[in-house]
Each structure stands twice: as structure tokens, then as C-alpha cells.
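Participant: Below is one structure. I have some questions about it.
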Amino acid sequence: MSLFAELKRRNVIRMAGLYLVGAWLLTQVASTVLPMFEAPAWLPRSIVTLLAIGFIPALVFAWVFELTPDGLKRDARIPPGESIAPQTARKMERLILLLFAIALAFFGFDKFVLAPQREASLVETTTQTVAARTAASIDASQKKVNPRSIAVLPFTNMSGDAANEYFSDGISEEILNVLAGTPELQVAARTSSFSFKGKSMEVPAIARELKVRMVLEGSVRKQGDKVRIIAQLIDAQNGFHVWSQTYDRKLQDIFAIQDEIAKAIGDELKVKIAGAAVPGQSSGGTRNLAAYDLYLRGMALWHKRTEKDLWNALALFEQAVAADPEYAQAYSGEALVYAVVGDYSTRIPFAEALARATDRAERALALDPTLAEPYAALGGIASNERRRATADLLQRRAIALRPSFATAYQWRGTGLMTSGDLTGGLASVERASALDPRSLPVAENHAWALLTLGRNSEAKARCLRVLAFAPTYSGCLGDVGVADLLSGDFDAARPMLERLAAAQNPSASGEAQRLIAALTGRADRHALALWLAGLPHYSYNDPSSRNALQAYHIPPVLVLLGEHDLALSYMERIAGDLGTDVDWAIMLPAMDPIRCEPRFTALVKKLKTTDPYAAKVCAGKL
């Protein structure tokens, strides 16, 4: 007798069909009924598991026993070649068919009656849950957003001439500058608000990104000596237009238009616009439209912070001064360029750049003492000269004149940080980040302030957000690479440092490979450390130096390489350079292995700063 015939004779095949149909029916009933009683998620899974486990024992049971009218009997009593009574077989077949019919009926009832009800209930419940969570999220977000915060988006150029783009941007910036002088207002910085130019994002999404309540947008149409400006103020919490106005003016009245718009917005926000000129008077500091045009072009380039753009911006500011020798804001623009250009270019000596910045800032203040930019520039100069208390007072003055001046908060934060006040420095840079969340220099400074507190992962995250939309920004590529090095994640550091070389100094294309090889014991550490320690202060700007690391990156790298004496020698050598940023390096916890050395203590004293970790790390050693 074949195995199949024997299985059939012993009703094993019938039992398998009966078991599977019954198990399927039980599973369907359980999946429908149990959720009504809020049964735990493990219970339906347990039922399916038990039914699967019980399948084989059921077949063994059918092999051993037979079902007869007199009950269960051992199958061994059935003579070979015979089968159970036909009536018993028919009863089992009827039972299987009955169960199958019940299963089909239940399946149909569940499919066409119960399932739609469950889906409707689920949709309603999900909708309510999502709505509740969304409302809670919006409420939480709204609680964090200052109700008197605003972003001024770049006005759309409707003139049909791309050459007038700077003009529409300038209108937006001048309105932003007027609003930024209002203590009661939190105004998103130009860098961040202008980063959405040309992007098809809804106003509420932009407001969430910039963490503001109100958004001002508009358009500018310039034709001949006439201009039409349409401005509208939107409450991002509900998307409603709070206020809108159209201005048709002659170009000589452009300054009055700016002030009118700013005053109207202030009225809507129930605050007084501090420093707004009387309508009809210039808030731009000049009545010369040619000078004003040049100034707007220069400021657009200054915000980009590259060597080429800074020098081009300076040329435009100089032309503006030539057109109007008493144009205070144009002198302020020159001061801002000279205050930072030494970090981006070696075209002129650093000391000469600072001297020129001082001269231009003083001229601007002599013409208009209410401007914030000259004070910020002078504060940056004082910080480079290690006149730390004076630098802080100057930045505080700039902030008082323009409470939403992100650059002043940024520079004050780095000044506090390099003075040893790490917590205060971070707080000021965090404020700059809140005002200008998409600023590249602010993000770099914010990340380094976090590194000085040992918060490496947060520093990396801060810069990664910027690299998502500015993937070649060398400042953040360097900070992220160093953060990975300090965290011991050399595999992550290598691609970042390679990207840094490509963006900052292509001659340094092999630097990352040499550094990681040395740190992992696959190359001569001492040879690499000697080369790093001999680099000039601004070697990252030298296209033939083969180095992309900035001066404040090198000391912690030398310490990681185990070359403590070389780290100290490098810092001692460049500490005398004007504009050195070695004080950024000594604030890192990574410098603890050499912090208690007398040479390190002498270096801190030479830099006229305070070591925030000395008391803790060097207790009993000094």
C-alpha cells in the first residue's frame, strides 16, 4: 500500500484539511474580536504560534487513532487493507464542509460588514490622534516663537531686468535694518531670510524654519524714475494677511517708502519703531541714488564672505563714498570688510587691514553715531588686539543700537569664549543662531563654542545642518572633521577633511589620508607633527601649502598625535601674530594633557585670557 493511500485510510489528510480550516477560522475570529476588548498585541500572535505548533501533533493523532461511532479507538485494530466505517468517513467530511462553510460565511461578513466599520473607526481615531498631536505640536511651537518676531523676505523683482535684482533686495534689507533697531522686535537676519530667495516654499514653512511669527513679503517694479512697491505682512500661524499696501513713488522718495513700510509694520505689531526716520527723510544716510545702489550691491557681496566677494564689495563701497563723501553707511561697509578680510585673504598685511577698518569705522560714527555696524567692526578689531573688555563693550553697544544684529551677537560670543567665559560665549552665539539660523559663519562659531564645552556631537550636528544646504562651506567642514577626530571617529573624519581640502585648498588633497594614517599607527606620527608645527599661521590660505586646517585646528591635532612639545611650540610661535586665533584652541578640553604645563600657563597669560579648565584639571599640580 502506498503512503498516500495509507494516509487517506487513516484519515490523516482529512484531519489536515479540518485542522487548517479550523485554524484559519479561529485566527479570523481572534483578529476581529480581540481588538474590541483591547487585548495585548502578543495574544493574537500567540494564538497563531500555538496553532502552527499543534499542526504536526494533530496529524500524528489522526495516524494513531480513528474516530468511530463508538468513540476513539487505536488504529492498530484495523486490519490491513480495510478502512474505517463509511458512515464515520461521511461524518468527518460533513464536519469539514460545515466548518468550511462557516469560515466562508464569516469571511464574507467580515469583508463586507465588519471591515468597513473597522476602517471607518480607524480613520476617525487616527484623524483625531493626528489632529490632537498636530495641535499640540503647533501649540508647543507657538509657545516657543516670539509673537513679535518677523522675517523680511527679499522682495520680488518685477522690473523685468535682472540688473535691478539688487535694488529689490536692497529695499528689503533697508526695511529689515529699520525693524532690527526695535528692541521689542526679534528680526531674522538677512542671511537667513534671504536664503529662501527663489525657492517655492510656503510662508508658514519659512516661518517655522526661521522661528518667527510674522513674515513680510512684497514686490518691486522699477521703471525709469518711478517705482511701485507692494508690501504685505502675513501672520504665519494662520496664514492670514494682516496688512498690505501699495506705494507708487518717484525714486527720490525711495527712502521715505522704506520708513513708511517699517512704521506700518510696527503699528501692526503694536511696537514703536526705534530709530525710524520721519517719512521723507533718508534712513539710508544718503540722498544720492547712485551711492545707494553701490552700497546695496556691496552689502550683498559682504554677506557671502569669500575672498573674491569681499574685495569686490570693498570696491563698490569705495565707489559709493566717491559718489557721496558723507555717506556713513558706505564707510561702515568698508569697515566691515576690512575687519574680516584678513581671515580670508593675504593680499594686504593683517595689521593694515585692521588699521583701515578702524579708520572707516571712526569716519562712519563721526557722520552718524547711531549706526551699529561701526561699533561691531571696532569690537572685532579690539578682540584681535586682545583688548577683551573693550571689545565686549563695543559689541554690547552695537546690540543696543540694533537688538537683532546677529553678527554683533556672534562676535561678542566668540569674544567671551576666547576670554574663558565658555557658557556666556555659547549663550551669545546661540542668540546669533536664533536670529540667523542659516548663516554660515554663525554656525561655524556656534559649533566651536560647543566643542570648547566638550559637546562634540552637538557641534557636529549644528554644522551638518548648514552643510545640508551649503556642502562646500569650509568653516563647517573643518569643525565637523575636528569634532570627529576629537571623538575618535577617524573613519568619519577622513571624508570631511577631504571635502575641506577640496573646498579650501586643493593642494591639501592628501592631508586627510596622511593624518588618519598617522593617528592609526600606519605612518610616522612625528614626521607629520613636525610638518604641521612648522606651518605659518595663515597657511590654509596659501594655495601651495598642502594644508587646509586652520591655525586653531592644529594644536588639538598635535595633541592627538601625542606630540605635546610640538603643540606648545606651535602655539608659542603664532601667539605673537596679530589676529591669531590660538586662543580658540586653548579652550578645548582636548588640550587637557598639556594644560598644566608651565609653558601652557605662560601662553594663557600672554594671550591675556583665562583658562576655564585650569582650576579643575590642574588642582594640586600647579
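Ligands are numbered from 1 in the order shown, residues from 1 within each chain, and chains are lettered A, B, ... in the order they appear in the C-alpha cells.
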Using only C-alpha atoms, which protein or nucleic acid residues come within 9 Å of A:Phe490? Drop anything in the same chain fewer than 4 positions from it, and give the result as a list in words.

Facilitator: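 Here the answer would be Gly481, Asp484, Leu485, Leu486, Arg494, Ile516, Leu519 and Thr520 of chain A.
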
Participant: Just want the 10 Å neighbourhood of A:Arg514, counted on only C-alpha atoms, with same-chain residues fewer than 2 positions away dropped. Output as a ChimeraX atom specification.

Facilitator: /A:494,509-512,516-519,522-525,528

Participant: Just the selected residues (N, CA and C atoms), exported as a PDB file, in the first residue's frame, please.

Facilitator:
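Okay, selection.pdb is ready:
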```pdb
ATOM      1  N   ARG A 494      37.785  61.402   8.068  1.00  0.00           N
ATOM      2  CA  ARG A 494      38.537  61.425   6.809  1.00  0.00           C
ATOM      3  C   ARG A 494      37.758  62.048   5.651  1.00  0.00           C
ATOM      4  N   SER A 509      45.039  67.896  -0.857  1.00  0.00           N
ATOM      5  CA  SER A 509      44.192  66.744  -1.162  1.00  0.00           C
ATOM      6  C   SER A 509      44.608  65.470  -0.429  1.00  0.00           C
ATOM      7  N   GLY A 510      45.893  65.313  -0.101  1.00  0.00           N
ATOM      8  CA  GLY A 510      46.335  64.104   0.592  1.00  0.00           C
ATOM      9  C   GLY A 510      46.488  64.268   2.091  1.00  0.00           C
ATOM     10  N   GLU A 511      46.164  65.456   2.612  1.00  0.00           N
ATOM     11  CA  GLU A 511      46.392  65.719   4.034  1.00  0.00           C
ATOM     12  C   GLU A 511      45.569  64.804   4.932  1.00  0.00           C
ATOM     13  N   ALA A 512      44.316  64.591   4.607  1.00  0.00           N
ATOM     14  CA  ALA A 512      43.448  63.755   5.430  1.00  0.00           C
ATOM     15  C   ALA A 512      43.980  62.323   5.506  1.00  0.00           C
ATOM     16  N   ILE A 516      45.090  60.564   9.060  1.00  0.00           N
ATOM     17  CA  ILE A 516      44.423  59.372   9.591  1.00  0.00           C
ATOM     18  C   ILE A 516      45.403  58.208   9.669  1.00  0.00           C
ATOM     19  N   ALA A 517      46.282  58.089   8.672  1.00  0.00           N
ATOM     20  CA  ALA A 517      47.289  57.024   8.709  1.00  0.00           C
ATOM     21  C   ALA A 517      48.198  57.180   9.926  1.00  0.00           C
ATOM     22  N   ALA A 518      48.594  58.412  10.235  1.00  0.00           N
ATOM     23  CA  ALA A 518      49.458  58.642  11.394  1.00  0.00           C
ATOM     24  C   ALA A 518      48.714  58.357  12.702  1.00  0.00           C
ATOM     25  N   LEU A 519      47.473  58.798  12.789  1.00  0.00           N
ATOM     26  CA  LEU A 519      46.704  58.596  14.022  1.00  0.00           C
ATOM     27  C   LEU A 519      46.401  57.125  14.278  1.00  0.00           C
ATOM     28  N   ARG A 522      49.722  53.824  11.102  1.00  0.00           N
ATOM     29  CA  ARG A 522      50.166  53.299   9.801  1.00  0.00           C
ATOM     30  C   ARG A 522      51.138  54.241   9.111  1.00  0.00           C
ATOM     31  N   ALA A 523      51.545  55.308   9.807  1.00  0.00           N
ATOM     32  CA  ALA A 523      52.512  56.264   9.239  1.00  0.00           C
ATOM     33  C   ALA A 523      53.267  56.915  10.387  1.00  0.00           C
ATOM     34  N   ASP A 524      54.311  57.616  10.039  1.00  0.00           N
ATOM     35  CA  ASP A 524      55.193  58.238  11.034  1.00  0.00           C
ATOM     36  C   ASP A 524      54.505  59.459  11.645  1.00  0.00           C
ATOM     37  N   ARG A 525      54.096  59.345  12.888  1.00  0.00           N
ATOM     38  CA  ARG A 525      53.411  60.446  13.579  1.00  0.00           C
ATOM     39  C   ARG A 525      54.328  61.651  13.725  1.00  0.00           C
ATOM     40  N   LEU A 528      54.844  63.793  10.542  1.00  0.00           N
ATOM     41  CA  LEU A 528      53.677  64.610  10.223  1.00  0.00           C
ATOM     42  C   LEU A 528      53.535  65.759  11.210  1.00  0.00           C
TER      43      LEU A 528
END
```

Participant: Which of these, A:Asn505, A:Leu451, A:Arg388, A:Leu467, has the shortest distance to A:Ile586 once you count only C-alpha atoms?

Facilitator: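 Selected residue with least distance to A:Ile586: A:Leu451.
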
Participant: When DSSP works through the backbone of this structure, what residues of stretch 241-490 of chain A end up as strand (DSSP E or B), shown as a list in words?

Facilitator: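 Matching residues, listed in order: His241, Val242, Trp243, Ser244, Gln245, Thr246, Tyr247, Asp248, Arg249 and Lys250 of chain A.
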
Participant: Quick one: everything within 9 Å of A:Asn146, counting only C-alpha atoms, minus sequence neighbours fewer than 5 positions away in the same chain. Send it as a PyMOL selection string.

Facilitator: chain A and resi 185-186+211-213

Participant: Given the choices A:Val242, A:Ile56, A:Ala391, A:Ala291, which gets closest to A:Asp267 if the distance is worked out from only C-alpha atoms?

Facilitator: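 Among the listed residues, A:Val242 lies closest to A:Asp267.
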
Participant: Which distance in Å separates atom CA of A:Asp581 and atom CA of A:Val604, to one decimal?

Facilitator: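 Answer for the atom CA of A:Asp581 to atom CA of A:Val604 separation: 12.4 Å.
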
Participant: Please list as a ChimeraX atom specification every residue within 12 Å of A:Leu450, counting only C-alpha atoms and excluding residues in the same chain fewer than 4 positions away.

Facilitator: /A:413-414,417,422-427,429-430,443-446,454-463,479-480,483,584,587-589

Participant: Smallest atom-to-atom distance to A:Ser433: which of A:Pro204, A:Glu563, A:Thr182, A:Glu209, using only C-alpha atoms?

Facilitator: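 Result for the nearest residue to A:Ser433: A:Glu209.
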
Participant: Between A:Arg431, A:Gly420, A:Pro598, A:Ala551, which has the minimum distance to A:Ala406 (counting only C-alpha atoms)?

Facilitator: A:Arg431
